[in-house]
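File shown here: upload.cif, holding mmCIF, C-alpha atoms and all ligand atoms.
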data_input
loop_
_atom_site.label_atom_id
_atom_site.label_comp_id
_atom_site.auth_asym_id
_atom_site.auth_seq_id
_atom_site.Cartn_x
_atom_site.Cartn_y
_atom_site.Cartn_z
CA MET E 50 103.54 119.67 92.35
CA ASP E 51 103.72 120.16 88.61
CA LEU E 52 105.84 117.48 87.00
CA GLN E 53 106.93 117.42 83.41
CA PRO E 54 105.21 114.23 82.26
CA CYS E 55 107.53 113.41 79.36
CA VAL E 56 111.25 113.28 78.57
CA THR E 57 112.67 113.20 75.05
CA ILE E 58 115.46 110.63 74.74
CA LYS E 59 118.15 111.64 72.33
CA LYS E 60 121.37 112.06 74.29
CA GLU E 61 122.84 109.77 76.92
CA TRP E 62 122.18 112.39 79.59
CA ASP E 63 118.42 112.19 78.87
CA ILE E 64 118.46 108.74 80.52
CA VAL E 65 119.23 110.47 83.81
CA ALA E 66 116.36 112.91 83.32
CA ALA E 67 113.95 110.03 82.64
CA ARG E 68 115.08 108.29 85.82
CA GLN E 69 114.57 111.47 87.82
CA LEU E 70 111.10 112.01 86.37
CA GLY E 71 110.17 108.43 87.29
CA ARG E 72 111.43 108.87 90.79
CA ASP E 73 109.58 112.16 91.27
CA VAL E 74 106.26 110.83 89.99
CA ALA E 75 106.65 107.62 92.03
CA LYS E 76 107.23 109.62 95.17
CA GLU E 77 104.34 111.96 94.43
CA ALA E 78 102.06 108.97 93.80
CA GLY E 79 102.87 107.59 97.25
CA PHE E 80 104.89 104.46 96.44
CA SER E 81 106.99 102.82 99.13
CA THR E 82 110.71 103.57 98.90
CA VAL E 83 111.30 100.03 97.64
CA ASP E 84 108.79 100.49 94.82
CA GLN E 85 110.22 103.93 94.07
CA ALA E 86 113.60 102.22 93.62
CA ARG E 87 112.05 99.55 91.36
CA ILE E 88 110.50 102.23 89.17
CA ALA E 89 113.73 104.25 89.15
CA THR E 90 115.54 101.10 87.98
CA ALA E 91 113.05 100.12 85.28
CA ILE E 92 112.66 103.49 83.57
CA PRO E 93 116.33 104.08 82.69
CA GLU E 94 116.46 100.59 81.11
CA LEU E 95 113.73 101.65 78.69
CA ALA E 96 115.44 105.00 78.13
CA ARG E 97 118.81 103.33 77.52
CA ASN E 98 117.26 101.05 74.91
CA ILE E 99 115.85 104.07 73.07
CA TYR E 100 119.25 105.77 73.27
CA LEU E 101 121.15 102.68 72.06
CA TYR E 102 118.88 101.20 69.42
CA THR E 103 116.94 104.10 67.91
CA ASP E 104 117.60 107.64 66.80
CA GLY E 105 115.28 109.02 69.43
CA GLY E 106 112.06 108.63 71.30
CA LYS E 107 110.39 109.59 74.51
CA ILE E 108 109.43 108.37 77.93
CA SER E 109 106.15 109.48 79.48
CA VAL E 110 105.44 108.88 83.13
CA GLU E 111 102.01 109.47 84.56
CA GLN E 112 100.36 109.06 87.87
CA ILE E 113 97.27 106.84 87.77
CA ASP E 114 94.52 107.74 90.16
CA THR E 115 91.24 106.03 89.37
CA LEU E 116 88.69 104.15 91.46
CA GLU E 117 90.28 100.78 90.63
CA HIS E 118 93.95 101.70 90.54
CA LYS E 119 96.43 104.04 92.10
CA GLY E 120 99.90 103.94 90.69
CA LEU E 121 102.02 104.96 87.79
CA SER E 122 102.26 104.24 84.09
CA VAL E 123 105.33 104.46 81.90
CA ILE E 124 105.21 104.61 78.13
CA ALA E 125 108.45 104.39 76.19
CA SER E 126 107.97 105.05 72.50
CA ASP E 127 110.31 105.47 69.59
CA SER E 128 110.24 105.47 65.83
CA GLY E 129 113.37 103.34 65.53
CA PRO E 130 113.91 100.09 63.61
CA GLY E 131 111.39 98.14 65.68
CA ILE E 132 111.76 94.62 67.03
CA GLU E 133 111.20 91.68 64.75
CA ASP E 134 110.85 88.88 67.29
CA ILE E 135 109.39 90.12 70.55
CA SER E 136 109.43 86.76 72.35
CA ARG E 137 113.15 86.57 71.63
CA VAL E 138 114.03 89.96 73.12
CA MET E 139 112.00 89.08 76.21
CA GLU E 140 114.31 86.11 76.92
CA ASP E 141 116.86 86.72 79.65
CA GLY E 142 120.27 87.21 78.07
CA TYR E 143 119.20 88.03 74.53
CA THR E 144 121.13 91.04 73.27
CA THR E 145 122.28 92.48 69.97
CA SER E 146 124.74 94.84 71.61
CA ARG E 147 126.84 92.79 74.04
CA GLY E 148 124.66 94.08 76.83
CA LEU E 149 123.46 91.65 79.47
CA GLY E 150 120.15 91.25 77.70
CA ALA E 151 118.58 91.82 81.07
CA GLY E 152 116.89 95.15 80.39
CA LEU E 153 113.45 94.26 79.08
CA PRO E 154 112.95 91.05 81.13
CA GLY E 155 114.10 93.06 84.15
CA VAL E 156 111.55 95.79 83.50
CA ARG E 157 108.82 93.16 83.23
CA ARG E 158 109.80 91.74 86.62
CA LEU E 159 110.08 95.12 88.32
CA MET E 160 106.70 96.39 87.14
CA ASP E 161 103.20 94.88 87.60
CA GLU E 162 102.00 95.00 84.01
CA PHE E 163 104.12 95.03 80.91
CA ASP E 164 103.21 95.26 77.26
CA ILE E 165 105.41 95.70 74.22
CA LYS E 166 104.25 96.47 70.71
CA SER E 167 106.54 96.76 67.76
CA ASN E 168 106.45 96.56 64.01
CA SER E 169 109.63 96.11 62.11
CA GLY E 170 110.56 99.48 60.64
CA GLU E 171 107.88 101.36 62.55
CA GLY E 172 109.29 101.70 66.02
CA THR E 173 108.49 100.28 69.40
CA GLU E 174 106.16 101.09 72.27
CA VAL E 175 106.60 99.65 75.72
CA LYS E 176 103.90 100.25 78.32
CA ALA E 177 104.44 99.33 81.94
CA LEU E 178 102.32 99.83 85.02
CA LYS E 179 103.04 99.79 88.70
CA ILE E 180 100.10 99.63 91.08
CA ILE E 181 100.05 100.71 94.72
CA ARG E 182 98.58 97.85 96.75
N1 LIG R 1 113.48 100.38 71.53
C1 LIG R 1 114.09 99.39 70.87
N2 LIG R 1 114.16 99.41 69.51
C2 LIG R 1 114.76 98.40 68.82
N3 LIG R 1 115.33 97.31 69.41
C3 LIG R 1 115.30 97.23 70.75
C4 LIG R 1 114.68 98.26 71.56
N4 LIG R 1 114.78 97.89 72.86
C5 LIG R 1 115.43 96.70 72.86
N5 LIG R 1 115.74 96.30 71.60
C6 LIG R 1 116.40 95.04 71.22
O1 LIG R 1 116.13 94.08 72.24
C7 LIG R 1 117.36 93.52 72.74
C8 LIG R 1 117.17 93.21 74.22
O2 LIG R 1 117.00 94.41 74.98
P1 LIG R 1 117.37 94.40 76.52
O3 LIG R 1 117.20 95.78 77.05
O4 LIG R 1 116.60 93.30 77.18
O5 LIG R 1 118.90 93.96 76.56
P2 LIG R 1 120.18 94.80 76.06
O6 LIG R 1 119.82 96.24 75.86
O7 LIG R 1 120.76 94.10 74.88
O8 LIG R 1 121.18 94.63 77.30
P3 LIG R 1 121.03 95.33 78.73
O9 LIG R 1 119.74 96.13 78.73
O10 LIG R 1 120.98 94.21 79.72
O11 LIG R 1 122.23 96.19 78.85
C9 LIG R 1 118.40 94.57 72.45
O12 LIG R 1 119.71 94.00 72.35
C10 LIG R 1 117.92 95.14 71.12
O13 LIG R 1 118.32 94.31 70.05
MG MG R 2 118.72 97.29 77.33
#

Let me see whether you can do it: turn the structure in this file into structure tokens.
Amino acid sequence: MDLQPCVTIKKEWDIVAARQLGRDVAKEAGFSTVDQARIATAIPELARNIYLYTDGGKISVEQIDTLEHKGLSVIASDSGPGIEDISRVMEDGYTTSRGLGAGLPGVRRLMDEFDIKSNSGEGTEVKALKIIR
């Protein structure tokens, strides 16, 4: 199957496309239905953040198939305002938009590896990995 590995996030509807891409790649990679659901929950949170807090970005989803790991990687990147205090936004309940502030901490819990890099004024990159065990 040939899957489009990347979705541009600009409009609200693009969040749905990102979720669908995540689900398709997760299925193709051979994740359990429970893990497929975890991935399909995590990815739209990252997409929604790009939609809400930046003027655009993208979500790439790729199957990982190496000797050590089989699974999936998600990279959400944008050139928005960036995040000044990363430890703060990773606290449950921290929000600047009257959201639940559950998005990023939720993604960290749903995935196996999570990494966020951001420089104020230079955008944000979130990388998350889910491994098939
Ligand atoms: N890509 C981003 N660029 C800039 N700021 C961001 C980005 N993603 C998240 N943030 C900031 O981090 C805060 C926490 O994000 P998080 O997704 O955890 O919660 P939320 O979006 O506020 O609420 P929820 O996701 O629960 O609806 C946001 O309120 C926002 O200030
Ligand atoms: Mg959010």

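Residues in contact with ligand MG 2 (chain R) (atom pairs separated by at most 6 Å; only C-alpha atoms and all ligand atoms) are Glu94, Asn98 and Gly152 of chain E.
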
(message) Which residue is closest to Asp84 of chain E? Choose from E:Ser169, E:Gly120, E:Cys55, E:Ser136 and count all atoms listed in the file.
(response)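 Of all the options, E:Gly120 lies closest to Asp84 of chain E.
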
(request) Check which residues fall inside 9 Å of ligand LIG 1 (chain R) when counting only C-alpha atoms and all ligand atoms, and print them as number ranges by chain. (result) E: 94-103, 106, 125-135, 137-156, 167, 169, 172-175

Dump of C-alpha atoms for the selected residues, as a compact mmCIF listing (two decimals), keeping the file's coordinate frame:
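Once written, part.txt looks like this:
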# COMPACT_ATOMS: atom_id res chain seq x y z
CA GLU E 94 116.46 100.59 81.11
CA LEU E 95 113.73 101.65 78.69
CA ALA E 96 115.44 105.00 78.13
CA ARG E 97 118.81 103.33 77.52
CA ASN E 98 117.26 101.05 74.91
CA ILE E 99 115.85 104.07 73.07
CA TYR E 100 119.25 105.77 73.27
CA LEU E 101 121.15 102.68 72.06
CA TYR E 102 118.88 101.20 69.42
CA THR E 103 116.94 104.10 67.91
CA GLY E 106 112.06 108.63 71.30
CA ALA E 125 108.45 104.39 76.19
CA SER E 126 107.97 105.05 72.50
CA ASP E 127 110.31 105.47 69.59
CA SER E 128 110.24 105.47 65.83
CA GLY E 129 113.37 103.34 65.53
CA PRO E 130 113.91 100.09 63.61
CA GLY E 131 111.39 98.14 65.68
CA ILE E 132 111.76 94.62 67.03
CA GLU E 133 111.20 91.68 64.75
CA ASP E 134 110.85 88.88 67.29
CA ILE E 135 109.39 90.12 70.55
CA ARG E 137 113.15 86.57 71.63
CA VAL E 138 114.03 89.96 73.12
CA MET E 139 112.00 89.08 76.21
CA GLU E 140 114.31 86.11 76.92
CA ASP E 141 116.86 86.72 79.65
CA GLY E 142 120.27 87.21 78.07
CA TYR E 143 119.20 88.03 74.53
CA THR E 144 121.13 91.04 73.27
CA THR E 145 122.28 92.48 69.97
CA SER E 146 124.74 94.84 71.61
CA ARG E 147 126.84 92.79 74.04
CA GLY E 148 124.66 94.08 76.83
CA LEU E 149 123.46 91.65 79.47
CA GLY E 150 120.15 91.25 77.70
CA ALA E 151 118.58 91.82 81.07
CA GLY E 152 116.89 95.15 80.39
CA LEU E 153 113.45 94.26 79.08
CA PRO E 154 112.95 91.05 81.13
CA GLY E 155 114.10 93.06 84.15
CA VAL E 156 111.55 95.79 83.50
CA SER E 167 106.54 96.76 67.76
CA SER E 169 109.63 96.11 62.11
CA GLY E 172 109.29 101.70 66.02
CA THR E 173 108.49 100.28 69.40
CA GLU E 174 106.16 101.09 72.27
CA VAL E 175 106.60 99.65 75.72

(message) Taking (99.7, 99.8, 94.6) in the coordinates of the supplied file, I want to know which residues reach to within 7 Å of it, counting all atoms listed in the file; could you give the answer as a ChimeraX atom specification?
(response) /E:119-120,179-182

Hey, could you pull the box centre and edge lengths for segment 118-124 of chain E, axis-aligned, 4 Å padding per side, all listed atoms, to one decimal in Å, as JSON?
{"center_x": 99.6, "center_y": 103.3, "center_z": 85.1, "size_x": 19.4, "size_y": 11.3, "size_z": 22.0}

Would you tabulate, counting all atoms listed in the file, all residues of segment 80-178 of chain E that have an atom at most 6 Å from an atom of segment 58-75 of chain E, showing the closest pair of atoms and their distance in Å to one decimal, sorted by chain then ascending number, as CSV?
residue,atom,partner,partner_atom,distance
E:Phe80,CA,E:Ala75,CA,5.7
E:Gln85,CA,E:Ala75,CA,5.5
E:Ala89,CA,E:Arg68,CA,5.4
E:Ile92,CA,E:Arg68,CA,5.8
E:Pro93,CA,E:Arg68,CA,5.4
E:Ala96,CA,E:Ile64,CA,5.4
E:Gly105,CA,E:Lys59,CA,4.8
E:Gly106,CA,E:Ile58,CA,5.2
E:Lys107,CA,E:Ile58,CA,5.2

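Reported to one decimal place, the separation of atom CA of Val56 of chain E from atom CA of Ala86 of chain E is 18.8 Å.
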
(request) Could you check how far atom CA of Thr90 of chain E sits from atom CA of Leu116 of chain E, in Å to one decimal? (result) 27.2 Å

(request) Quick one: pull the distance between atom CA of Leu178 of chain E and atom CA of Leu121 of chain E, Å, one decimal. (result) 5.8 Å

For segment 114-138 of chain E, which lacks atoms in the input, supply N, CA, C and O atoms and format the output as an mmCIF file, in the frame of the given file.
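Once everything was written out, this is part_22.cif:
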data_model
loop_
_atom_site.group_PDB
_atom_site.id
_atom_site.type_symbol
_atom_site.label_atom_id
_atom_site.label_comp_id
_atom_site.auth_asym_id
_atom_site.auth_seq_id
_atom_site.Cartn_x
_atom_site.Cartn_y
_atom_site.Cartn_z
ATOM 1 N N ASP E 114 95.319 107.557 88.961
ATOM 2 C CA ASP E 114 94.520 107.740 90.160
ATOM 3 C C ASP E 114 93.052 107.573 89.786
ATOM 4 O O ASP E 114 92.348 108.527 89.505
ATOM 5 N N THR E 115 92.625 106.316 89.714
ATOM 6 C CA THR E 115 91.240 106.030 89.370
ATOM 7 C C THR E 115 90.617 105.262 90.530
ATOM 8 O O THR E 115 91.290 104.965 91.509
ATOM 9 N N LEU E 116 89.355 104.909 90.387
ATOM 10 C CA LEU E 116 88.690 104.150 91.460
ATOM 11 C C LEU E 116 89.329 102.786 91.639
ATOM 12 O O LEU E 116 89.495 102.309 92.759
ATOM 13 N N GLU E 117 89.704 102.135 90.520
ATOM 14 C CA GLU E 117 90.280 100.780 90.630
ATOM 15 C C GLU E 117 91.754 100.784 90.982
ATOM 16 O O GLU E 117 92.218 99.918 91.702
ATOM 17 N N HIS E 118 92.496 101.741 90.427
ATOM 18 C CA HIS E 118 93.950 101.700 90.540
ATOM 19 C C HIS E 118 94.539 103.015 90.998
ATOM 20 O O HIS E 118 94.144 104.078 90.522
ATOM 21 N N LYS E 119 95.537 102.903 91.866
ATOM 22 C CA LYS E 119 96.430 104.040 92.100
ATOM 23 C C LYS E 119 97.819 103.550 91.752
ATOM 24 O O LYS E 119 98.211 102.439 92.110
ATOM 25 N N GLY E 120 98.564 104.374 91.051
ATOM 26 C CA GLY E 120 99.900 103.940 90.690
ATOM 27 C C GLY E 120 100.515 104.829 89.638
ATOM 28 O O GLY E 120 100.336 106.042 89.657
ATOM 29 N N LEU E 121 101.231 104.200 88.747
ATOM 30 C CA LEU E 121 102.020 104.960 87.790
ATOM 31 C C LEU E 121 102.112 104.175 86.479
ATOM 32 O O LEU E 121 102.208 102.944 86.487
ATOM 33 N N SER E 122 102.048 104.891 85.384
ATOM 34 C CA SER E 122 102.260 104.240 84.090
ATOM 35 C C SER E 122 103.451 104.856 83.377
ATOM 36 O O SER E 122 103.706 106.057 83.504
ATOM 37 N N VAL E 123 104.185 104.016 82.693
ATOM 38 C CA VAL E 123 105.330 104.460 81.900
ATOM 39 C C VAL E 123 105.084 104.048 80.468
ATOM 40 O O VAL E 123 104.740 102.894 80.207
ATOM 41 N N ILE E 124 105.261 104.964 79.548
ATOM 42 C CA ILE E 124 105.210 104.610 78.130
ATOM 43 C C ILE E 124 106.510 105.057 77.482
ATOM 44 O O ILE E 124 106.871 106.236 77.543
ATOM 45 N N ALA E 125 107.224 104.088 76.916
ATOM 46 C CA ALA E 125 108.450 104.390 76.190
ATOM 47 C C ALA E 125 108.158 104.182 74.714
ATOM 48 O O ALA E 125 107.784 103.078 74.304
ATOM 49 N N SER E 126 108.274 105.232 73.922
ATOM 50 C CA SER E 126 107.970 105.050 72.500
ATOM 51 C C SER E 126 109.079 105.633 71.632
ATOM 52 O O SER E 126 109.717 106.618 71.992
ATOM 53 N N ASP E 127 109.303 104.972 70.523
ATOM 54 C CA ASP E 127 110.310 105.470 69.590
ATOM 55 C C ASP E 127 109.893 105.135 68.176
ATOM 56 O O ASP E 127 108.999 104.331 67.954
ATOM 57 N N SER E 128 110.532 105.783 67.231
ATOM 58 C CA SER E 128 110.240 105.470 65.830
ATOM 59 C C SER E 128 111.490 104.852 65.198
ATOM 60 O O SER E 128 111.845 105.150 64.070
ATOM 61 N N GLY E 129 112.156 104.005 65.980
ATOM 62 C CA GLY E 129 113.370 103.340 65.530
ATOM 63 C C GLY E 129 113.079 102.147 64.636
ATOM 64 O O GLY E 129 112.003 102.057 64.043
ATOM 65 N N PRO E 130 114.025 101.215 64.547
ATOM 66 C CA PRO E 130 113.910 100.090 63.610
ATOM 67 C C PRO E 130 112.862 99.054 64.003
ATOM 68 O O PRO E 130 112.512 98.207 63.184
ATOM 69 N N GLY E 131 112.373 99.139 65.242
ATOM 70 C CA GLY E 131 111.390 98.140 65.680
ATOM 71 C C GLY E 131 112.059 96.831 66.065
ATOM 72 O O GLY E 131 113.277 96.670 65.922
ATOM 73 N N ILE E 132 111.258 95.913 66.569
ATOM 74 C CA ILE E 132 111.760 94.620 67.030
ATOM 75 C C ILE E 132 111.034 93.532 66.260
ATOM 76 O O ILE E 132 109.812 93.497 66.235
ATOM 77 N N GLU E 133 111.809 92.679 65.603
ATOM 78 C CA GLU E 133 111.200 91.680 64.750
ATOM 79 C C GLU E 133 110.555 90.549 65.565
ATOM 80 O O GLU E 133 109.417 90.180 65.331
ATOM 81 N N ASP E 134 111.326 90.026 66.535
ATOM 82 C CA ASP E 134 110.850 88.880 67.290
ATOM 83 C C ASP E 134 110.745 89.239 68.777
ATOM 84 O O ASP E 134 111.726 89.190 69.506
ATOM 85 N N ILE E 135 109.562 89.611 69.186
ATOM 86 C CA ILE E 135 109.390 90.120 70.550
ATOM 87 C C ILE E 135 109.646 89.045 71.601
ATOM 88 O O ILE E 135 110.281 89.300 72.622
ATOM 89 N N SER E 136 109.210 87.800 71.323
ATOM 90 C CA SER E 136 109.430 86.760 72.350
ATOM 91 C C SER E 136 110.922 86.540 72.569
ATOM 92 O O SER E 136 111.365 86.246 73.666
ATOM 93 N N ARG E 137 111.691 86.722 71.531
ATOM 94 C CA ARG E 137 113.150 86.570 71.630
ATOM 95 C C ARG E 137 113.769 87.646 72.527
ATOM 96 O O ARG E 137 114.564 87.336 73.406
ATOM 97 N N VAL E 138 113.416 88.901 72.315
ATOM 98 C CA VAL E 138 114.030 89.960 73.120
ATOM 99 C C VAL E 138 113.561 89.926 74.571
ATOM 100 O O VAL E 138 114.193 90.504 75.442
#
